[in-house]
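Structure data follow from my_file18.pdb (PDB, C-alpha atoms):
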```pdb
ATOM      1  CA  MET A   1       1.169 -24.819   2.880
ATOM      2  CA  ASN A   2       1.645 -21.981   5.278
ATOM      3  CA  THR A   3      -0.225 -18.988   3.879
ATOM      4  CA  GLN A   4      -2.126 -15.990   5.107
ATOM      5  CA  ILE A   5      -4.509 -14.374   2.631
ATOM      6  CA  LYS A   6      -6.640 -11.385   3.497
ATOM      7  CA  ILE A   7      -8.799  -8.760   1.841
ATOM      8  CA  SER A   8      -9.566  -5.825   4.084
ATOM      9  CA  ASP A   9     -10.904  -2.289   3.971
ATOM     10  CA  GLN A  10      -8.548  -1.311   6.805
ATOM     11  CA  PRO A  11      -4.966   0.003   6.384
ATOM     12  CA  LEU A  12      -2.418  -2.813   5.922
ATOM     13  CA  ASN A  13       0.255  -3.239   8.573
ATOM     14  CA  ILE A  14       3.484  -3.880   6.672
ATOM     15  CA  GLN A  15       5.578  -4.788   9.717
ATOM     16  CA  SER A  16       3.110  -7.372  10.947
ATOM     17  CA  CYS A  17       3.067  -8.905   7.425
ATOM     18  CA  ILE A  18       6.851  -9.292   7.557
ATOM     19  CA  ASP A  19       6.760 -10.625  11.109
ATOM     20  CA  TRP A  20       4.188 -13.253  10.131
ATOM     21  CA  VAL A  21       6.338 -14.828   7.384
ATOM     22  CA  MET A  22       9.555 -14.809   9.468
ATOM     23  CA  MET A  23      10.655 -18.271  10.642
ATOM     24  CA  PRO A  24      13.825 -19.426  12.360
ATOM     25  CA  GLN A  25      14.544 -21.469   9.207
ATOM     26  CA  SER A  26      14.213 -18.393   6.943
ATOM     27  CA  GLY A  27      17.303 -17.040   5.241
ATOM     28  CA  GLY A  28      15.524 -14.362   3.257
ATOM     29  CA  ILE A  29      12.220 -12.548   3.156
ATOM     30  CA  ASP A  30      11.095 -10.799   0.017
ATOM     31  CA  VAL A  31       8.379  -8.171   0.327
ATOM     32  CA  PHE A  32       6.428  -6.381  -2.382
ATOM     33  CA  ILE A  33       4.549  -3.267  -1.292
ATOM     34  CA  GLY A  34       2.220  -1.704  -3.833
ATOM     35  CA  THR A  35       1.638   2.012  -3.299
ATOM     36  CA  VAL A  36      -0.753   4.569  -4.763
ATOM     37  CA  ARG A  37       1.119   6.725  -7.291
ATOM     38  CA  ASP A  38       0.284  10.406  -7.766
ATOM     39  CA  SER A  39       0.010  10.328 -11.555
ATOM     40  CA  THR A  40      -0.840   8.159 -14.552
ATOM     41  CA  LYS A  41       0.480   9.091 -18.009
ATOM     42  CA  GLY A  42       1.142  12.620 -16.797
ATOM     43  CA  LYS A  43      -2.320  13.094 -15.272
ATOM     44  CA  LYS A  44      -2.591  13.906 -11.604
ATOM     45  CA  VAL A  45      -4.292  11.142  -9.600
ATOM     46  CA  ILE A  46      -6.383  12.285  -6.631
ATOM     47  CA  ARG A  47      -7.147   8.840  -5.192
ATOM     48  CA  LEU A  48      -7.881   5.223  -6.103
ATOM     49  CA  GLU A  49     -10.926   3.132  -5.316
ATOM     50  CA  PHE A  50     -10.538  -0.648  -5.057
ATOM     51  CA  GLU A  51     -13.337  -3.151  -5.292
ATOM     52  CA  ALA A  52     -13.073  -6.934  -4.899
ATOM     53  CA  TYR A  53     -15.292  -9.935  -5.593
ATOM     54  CA  GLU A  54     -14.120 -11.198  -2.248
ATOM     55  CA  PRO A  55     -14.888 -14.922  -2.133
ATOM     56  CA  MET A  56     -13.527 -15.454  -5.641
ATOM     57  CA  ALA A  57     -10.543 -13.148  -5.087
ATOM     58  CA  VAL A  58      -9.538 -15.154  -2.006
ATOM     59  CA  LYS A  59      -9.919 -18.388  -3.965
ATOM     60  CA  GLU A  60      -7.756 -17.096  -6.819
ATOM     61  CA  MET A  61      -5.098 -15.886  -4.366
ATOM     62  CA  GLU A  62      -5.094 -19.340  -2.754
ATOM     63  CA  LYS A  63      -4.449 -20.851  -6.199
ATOM     64  CA  ILE A  64      -1.526 -18.482  -6.769
ATOM     65  CA  ALA A  65      -0.089 -19.338  -3.359
ATOM     66  CA  ALA A  66      -0.401 -23.073  -4.096
ATOM     67  CA  GLN A  67       1.441 -22.585  -7.396
ATOM     68  CA  ALA A  68       4.221 -20.653  -5.636
ATOM     69  CA  PHE A  69       4.635 -23.490  -3.122
ATOM     70  CA  ASP A  70       4.799 -25.968  -6.021
ATOM     71  CA  LYS A  71       7.418 -24.001  -7.940
ATOM     72  CA  TRP A  72       9.751 -22.836  -5.144
ATOM     73  CA  PRO A  73      10.774 -24.004  -1.650
ATOM     74  CA  VAL A  74       8.634 -21.369   0.068
ATOM     75  CA  GLN A  75       8.316 -21.436   3.864
ATOM     76  CA  LYS A  76       5.526 -18.903   4.423
ATOM     77  CA  LEU A  77       3.586 -16.708   2.027
ATOM     78  CA  LEU A  78       1.314 -13.781   2.813
ATOM     79  CA  ILE A  79      -0.968 -11.799   0.509
ATOM     80  CA  HIS A  80      -2.930  -8.858   1.909
ATOM     81  CA  HIS A  81      -5.024  -6.653  -0.381
ATOM     82  CA  ARG A  82      -6.960  -3.592   0.557
ATOM     83  CA  THR A  83     -10.316  -2.371  -0.761
ATOM     84  CA  GLY A  84     -12.081   0.973  -0.590
ATOM     85  CA  ILE A  85     -10.748   4.490  -1.068
ATOM     86  CA  LEU A  86      -6.949   4.938  -0.962
ATOM     87  CA  GLU A  87      -5.079   8.229  -1.076
ATOM     88  CA  VAL A  88      -1.701   8.825  -2.737
ATOM     89  CA  GLY A  89       1.062   7.037  -0.776
ATOM     90  CA  GLU A  90      -1.279   4.486   0.804
ATOM     91  CA  VAL A  91      -0.691   0.738   0.382
ATOM     92  CA  PRO A  92      -3.187  -1.395  -1.571
ATOM     93  CA  VAL A  93      -1.177  -4.629  -1.543
ATOM     94  CA  VAL A  94       1.525  -6.391   0.464
ATOM     95  CA  ILE A  95       3.110  -9.700  -0.577
ATOM     96  CA  ALA A  96       5.645 -11.300   1.762
ATOM     97  CA  VAL A  97       7.529 -14.543   1.106
ATOM     98  CA  SER A  98      10.046 -16.332   3.285
ATOM     99  CA  CYS A  99      12.499 -18.942   2.006
ATOM    100  CA  ALA A 100      15.792 -20.471   3.139
ATOM    101  CA  HIS A 101      17.597 -18.633   0.304
ATOM    102  CA  ARG A 102      16.990 -15.333  -1.470
ATOM    103  CA  ASP A 103      16.676 -16.510  -5.088
ATOM    104  CA  ALA A 104      13.497 -18.455  -4.421
ATOM    105  CA  ALA A 105      12.061 -15.633  -2.298
ATOM    106  CA  PHE A 106      12.613 -13.030  -5.049
ATOM    107  CA  GLN A 107      11.179 -15.269  -7.761
ATOM    108  CA  ALA A 108       8.158 -16.421  -5.786
ATOM    109  CA  CYS A 109       7.298 -12.870  -4.689
ATOM    110  CA  ARG A 110       7.471 -11.572  -8.260
ATOM    111  CA  PHE A 111       5.369 -14.488  -9.511
ATOM    112  CA  VAL A 112       2.687 -13.795  -6.907
ATOM    113  CA  ILE A 113       2.272 -10.072  -7.668
ATOM    114  CA  ASP A 114       2.478 -10.578 -11.455
ATOM    115  CA  THR A 115      -0.138 -13.344 -11.405
ATOM    116  CA  LEU A 116      -2.371 -11.497  -8.938
ATOM    117  CA  LYS A 117      -2.553  -8.603 -11.391
ATOM    118  CA  GLN A 118      -3.681 -10.977 -14.147
ATOM    119  CA  THR A 119      -6.184 -13.273 -12.455
ATOM    120  CA  VAL A 120      -7.527 -11.995  -9.135
ATOM    121  CA  PRO A 121     -10.936 -10.290  -9.430
ATOM    122  CA  ILE A 122     -10.066  -6.934  -7.924
ATOM    123  CA  TRP A 123     -10.612  -3.648  -9.749
ATOM    124  CA  LYS A 124      -9.234  -0.161  -9.321
ATOM    125  CA  LYS A 125     -10.698   3.118 -10.402
ATOM    126  CA  GLU A 126      -8.434   6.122 -10.822
ATOM    127  CA  ILE A 127      -9.967   9.425  -9.783
ATOM    128  CA  PHE A 128      -8.487  12.433 -11.593
ATOM    129  CA  GLU A 129      -9.255  16.131 -11.170
ATOM    130  CA  ASP A 130     -11.493  16.019 -14.226
ATOM    131  CA  GLY A 131     -12.935  12.526 -14.231
ATOM    132  CA  GLU A 132     -12.405   8.861 -13.395
ATOM    133  CA  THR A 133     -11.605   5.585 -15.179
ATOM    134  CA  TRP A 134     -11.616   1.870 -14.359
ATOM    135  CA  VAL A 135      -8.006   0.844 -14.982
ATOM    136  CA  ALA A 136      -7.422  -1.573 -17.909
ATOM    137  CA  ALA A 137     -11.134  -1.815 -18.766
ATOM    138  CA  HIS A 138     -10.780  -0.638 -22.353
ATOM    139  CA  PRO A 139      -8.206  -1.502 -25.037
TER     140      PRO A 139
ATOM    141  CA  MET B   1     -33.795 -19.162 -18.257
ATOM    142  CA  LYS B   2     -33.688 -16.257 -15.806
ATOM    143  CA  VAL B   3     -30.358 -15.775 -14.063
ATOM    144  CA  ASN B   4     -29.161 -13.402 -11.395
ATOM    145  CA  VAL B   5     -25.823 -11.823 -12.295
ATOM    146  CA  LEU B   6     -23.366 -10.007 -10.021
ATOM    147  CA  ALA B   7     -21.467  -7.104 -11.526
ATOM    148  CA  PHE B   8     -18.170  -5.518 -10.506
ATOM    149  CA  GLY B   9     -15.967  -2.654 -11.659
ATOM    150  CA  ILE B  10     -16.997  -1.114 -14.935
ATOM    151  CA  ALA B  11     -19.694  -3.771 -15.441
ATOM    152  CA  LYS B  12     -21.536  -2.244 -12.497
ATOM    153  CA  ASP B  13     -21.523   1.121 -14.266
ATOM    154  CA  ILE B  14     -22.683  -0.440 -17.532
ATOM    155  CA  PHE B  15     -25.586  -2.308 -15.875
ATOM    156  CA  GLY B  16     -26.424   0.603 -13.589
ATOM    157  CA  GLY B  17     -26.213  -1.597 -10.470
ATOM    158  CA  SER B  18     -24.350  -4.411  -8.768
ATOM    159  CA  THR B  19     -26.910  -7.097  -9.616
ATOM    160  CA  LEU B  20     -29.012  -7.804 -12.651
ATOM    161  CA  ILE B  21     -31.692 -10.331 -13.509
ATOM    162  CA  ILE B  22     -31.592 -11.331 -17.151
ATOM    163  CA  ASP B  23     -33.595 -13.727 -19.269
ATOM    164  CA  VAL B  24     -31.026 -15.816 -21.156
ATOM    165  CA  PRO B  25     -31.898 -17.370 -24.543
ATOM    166  CA  GLY B  26     -30.206 -20.687 -23.694
ATOM    167  CA  ASN B  27     -28.322 -22.266 -20.798
ATOM    168  CA  LYS B  28     -24.645 -21.803 -21.646
ATOM    169  CA  THR B  29     -22.167 -19.123 -20.657
ATOM    170  CA  SER B  30     -21.993 -18.084 -24.324
ATOM    171  CA  ASP B  31     -25.787 -17.593 -24.367
ATOM    172  CA  LEU B  32     -25.545 -15.374 -21.303
ATOM    173  CA  LYS B  33     -22.801 -13.305 -22.965
ATOM    174  CA  ALA B  34     -24.877 -12.925 -26.117
ATOM    175  CA  GLY B  35     -27.908 -11.833 -24.096
ATOM    176  CA  LEU B  36     -25.896  -9.356 -22.047
ATOM    177  CA  GLU B  37     -24.189  -7.875 -25.107
ATOM    178  CA  GLN B  38     -27.522  -7.408 -26.841
ATOM    179  CA  GLN B  39     -28.949  -5.576 -23.845
ATOM    180  CA  PHE B  40     -25.716  -3.716 -22.981
ATOM    181  CA  PRO B  41     -23.687  -3.094 -26.178
ATOM    182  CA  ARG B  42     -21.042  -1.217 -24.149
ATOM    183  CA  LEU B  43     -19.799  -4.605 -22.913
ATOM    184  CA  LYS B  44     -18.362  -5.183 -26.387
ATOM    185  CA  GLN B  45     -16.126  -2.136 -26.024
ATOM    186  CA  LEU B  46     -14.273  -3.675 -23.075
ATOM    187  CA  ARG B  47     -10.806  -5.149 -23.573
ATOM    188  CA  SER B  48     -12.373  -8.476 -22.585
ATOM    189  CA  TYR B  49     -14.623  -9.876 -19.890
ATOM    190  CA  MET B  50     -15.134 -13.251 -18.284
ATOM    191  CA  ILE B  51     -18.033 -15.024 -16.639
ATOM    192  CA  ALA B  52     -17.447 -16.601 -13.241
ATOM    193  CA  VAL B  53     -19.647 -19.431 -12.009
ATOM    194  CA  ASN B  54     -19.543 -20.302  -8.308
ATOM    195  CA  ASN B  55     -16.321 -18.320  -7.861
ATOM    196  CA  GLU B  56     -14.446 -19.955 -10.754
ATOM    197  CA  TYR B  57     -13.721 -18.627 -14.245
ATOM    198  CA  ALA B  58     -16.087 -20.425 -16.642
ATOM    199  CA  GLU B  59     -15.574 -21.643 -20.216
ATOM    200  CA  ASN B  60     -17.968 -20.457 -22.933
ATOM    201  CA  ASN B  61     -19.732 -23.823 -23.163
ATOM    202  CA  ARG B  62     -20.334 -24.174 -19.417
ATOM    203  CA  ILE B  63     -23.950 -25.069 -18.622
ATOM    204  CA  LEU B  64     -25.584 -22.650 -16.197
ATOM    205  CA  THR B  65     -28.278 -23.439 -13.678
ATOM    206  CA  GLU B  66     -30.522 -21.153 -11.672
ATOM    207  CA  LYS B  67     -28.694 -22.137  -8.482
ATOM    208  CA  ASP B  68     -25.279 -20.972  -9.721
ATOM    209  CA  GLU B  69     -23.684 -17.776  -8.453
ATOM    210  CA  ILE B  70     -22.864 -15.981 -11.685
ATOM    211  CA  ALA B  71     -20.662 -12.898 -11.979
ATOM    212  CA  ILE B  72     -19.353 -10.680 -14.749
ATOM    213  CA  ILE B  73     -15.598 -10.193 -14.447
ATOM    214  CA  PRO B  74     -14.362  -7.216 -16.487
ATOM    215  CA  PRO B  75     -10.569  -6.852 -16.956
ATOM    216  CA  VAL B  76      -9.028  -7.071 -13.488
ATOM    217  CA  SER B  77      -6.676  -4.372 -12.183
ATOM    218  CA  GLY B  78      -5.731  -5.214  -8.606
ATOM    219  CA  GLY B  79      -2.343  -4.750  -7.006
TER     220      GLY B  79
END
```
Let me see the file written as structure tokens.
Amino acid sequence: MNTQIKISDQPLNIQSCIDWVMMPQSGGIDVFIGTVRDSTKGKKVIRLEFEAYEPMAVKEMEKIAAQAFDKWPVQKLLIHHRTGILEVGEVPVVIAVSCAHRDAAFQACRFVIDTLKQTVPIWKKEIFEDGETWVAAHP
Amino acid sequence: MKVNVLAFGIAKDIFGGSTLIIDVPGNKTSDLKAGLEQQFPRLKQLRSYMIAVNNEYAENNRILTEKDEIAIIPPVSGG
């Protein structure tokens, strides 16, 4: 299983993520780049703050990667997630997947980001002009 | 049993800090939840929350020991 998983408080380098998954055997690379949006439900977002329970978050990401390798013929898989304060337009997450053919790459990449959002212990707080909220905390 | 609990996200705000020592009336995850909810009723207003033991999500009937690393995992929102 050829994976690279990282949690970092430094800006993510998208090109180096793509370069890392590229193999001579690859026919397609699918990349998901999460970005900080400037509004939520019509309210202006000033910035986001991300916090991770790092050892467990890495472990959960490793589980997701293992599942992706089980389900699809993945060659290399990379998950980088950022923590700390991020401004609008910055990149909190990059997922990159290489496969011989595009179908598997698309499916595996979508599976990884969808599952990450459900199981990996990382939290984001939205900071508005008039307050702040932990996303998804309340019903 | 006294346990040391790590808190993240909104749980940190509810506890007023990133760690908490709590006296649990029992030794199961469910006992810890009951103790926490009694001391911090705001936990019950969350969409849900999980307990992690040694970096793994724990079932309600998991037996806790003083050596375990225990954390409160409020609804996650990464990505």
Item to complete: Pick out the residues sitting within 6 Å of Gly78 of chain B, and hand them over as a list in words; count only C-alpha atoms, and ignore anything fewer than 3 positions along from it in its own chain.
Response: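 The filter keeps Lys117, Ile122 and Trp123 of chain A.
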Practice prompt. Please provide as a PyMOL selection string all residues within 10 Å of Asn54 of chain B, with the sequence filter that same-chain residues fewer than 6 positions apart are discarded (counting only C-alpha atoms).
Written response: (chain A and resi 55-56) or (chain B and resi 67-71)
Skipping near chain neighbours, those fewer than 3 positions away, what residues fall within 10 Å of segment 14-29 of chain B using only C-alpha atoms, listed as a PDB file with C-alpha atoms, in the coordinates of the input?
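Now in out.pdb:
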```pdb
ATOM      1  CA  MET B   1     -33.795 -19.162 -18.257  1.00  0.00           C
ATOM      2  CA  LYS B   2     -33.688 -16.257 -15.806  1.00  0.00           C
ATOM      3  CA  VAL B   3     -30.358 -15.775 -14.063  1.00  0.00           C
ATOM      4  CA  ASN B   4     -29.161 -13.402 -11.395  1.00  0.00           C
ATOM      5  CA  VAL B   5     -25.823 -11.823 -12.295  1.00  0.00           C
ATOM      6  CA  LEU B   6     -23.366 -10.007 -10.021  1.00  0.00           C
ATOM      7  CA  ALA B   7     -21.467  -7.104 -11.526  1.00  0.00           C
ATOM      8  CA  PHE B   8     -18.170  -5.518 -10.506  1.00  0.00           C
ATOM      9  CA  GLY B   9     -15.967  -2.654 -11.659  1.00  0.00           C
ATOM     10  CA  ILE B  10     -16.997  -1.114 -14.935  1.00  0.00           C
ATOM     11  CA  ALA B  11     -19.694  -3.771 -15.441  1.00  0.00           C
ATOM     12  CA  LEU B  32     -25.545 -15.374 -21.303  1.00  0.00           C
ATOM     13  CA  LYS B  33     -22.801 -13.305 -22.965  1.00  0.00           C
ATOM     14  CA  ALA B  34     -24.877 -12.925 -26.117  1.00  0.00           C
ATOM     15  CA  GLY B  35     -27.908 -11.833 -24.096  1.00  0.00           C
ATOM     16  CA  LEU B  36     -25.896  -9.356 -22.047  1.00  0.00           C
ATOM     17  CA  GLN B  39     -28.949  -5.576 -23.845  1.00  0.00           C
ATOM     18  CA  PHE B  40     -25.716  -3.716 -22.981  1.00  0.00           C
ATOM     19  CA  PRO B  41     -23.687  -3.094 -26.178  1.00  0.00           C
ATOM     20  CA  ARG B  42     -21.042  -1.217 -24.149  1.00  0.00           C
ATOM     21  CA  LEU B  43     -19.799  -4.605 -22.913  1.00  0.00           C
ATOM     22  CA  MET B  50     -15.134 -13.251 -18.284  1.00  0.00           C
ATOM     23  CA  ILE B  51     -18.033 -15.024 -16.639  1.00  0.00           C
ATOM     24  CA  ALA B  52     -17.447 -16.601 -13.241  1.00  0.00           C
ATOM     25  CA  VAL B  53     -19.647 -19.431 -12.009  1.00  0.00           C
ATOM     26  CA  ALA B  58     -16.087 -20.425 -16.642  1.00  0.00           C
ATOM     27  CA  GLU B  59     -15.574 -21.643 -20.216  1.00  0.00           C
ATOM     28  CA  ASN B  60     -17.968 -20.457 -22.933  1.00  0.00           C
ATOM     29  CA  ASN B  61     -19.732 -23.823 -23.163  1.00  0.00           C
ATOM     30  CA  ARG B  62     -20.334 -24.174 -19.417  1.00  0.00           C
ATOM     31  CA  ILE B  63     -23.950 -25.069 -18.622  1.00  0.00           C
ATOM     32  CA  LEU B  64     -25.584 -22.650 -16.197  1.00  0.00           C
ATOM     33  CA  THR B  65     -28.278 -23.439 -13.678  1.00  0.00           C
ATOM     34  CA  GLU B  66     -30.522 -21.153 -11.672  1.00  0.00           C
ATOM     35  CA  ILE B  70     -22.864 -15.981 -11.685  1.00  0.00           C
ATOM     36  CA  ALA B  71     -20.662 -12.898 -11.979  1.00  0.00           C
ATOM     37  CA  ILE B  72     -19.353 -10.680 -14.749  1.00  0.00           C
TER      38      ILE B  72
END
```
Item to complete: For Val112 of chain A, please output as number ranges by chain all residues within 10 Å (counting all atoms listed in the file; exclusion window: fewer than 4 positions along the same chain).
Response: A: 32, 61, 64-65, 67-68, 77-79, 95-97, 107-108, 116-117
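For chain B, the residues within 8 Å of chain A are B:Phe8, B:Gly9, B:Ile10, B:Gln45, B:Leu46, B:Arg47, B:Ser48, B:Asn55, B:Glu56, B:Ile73, B:Pro74, B:Pro75, B:Val76, B:Ser77, B:Gly78, B:Gly79, with only C-alpha atoms used to measure distance.
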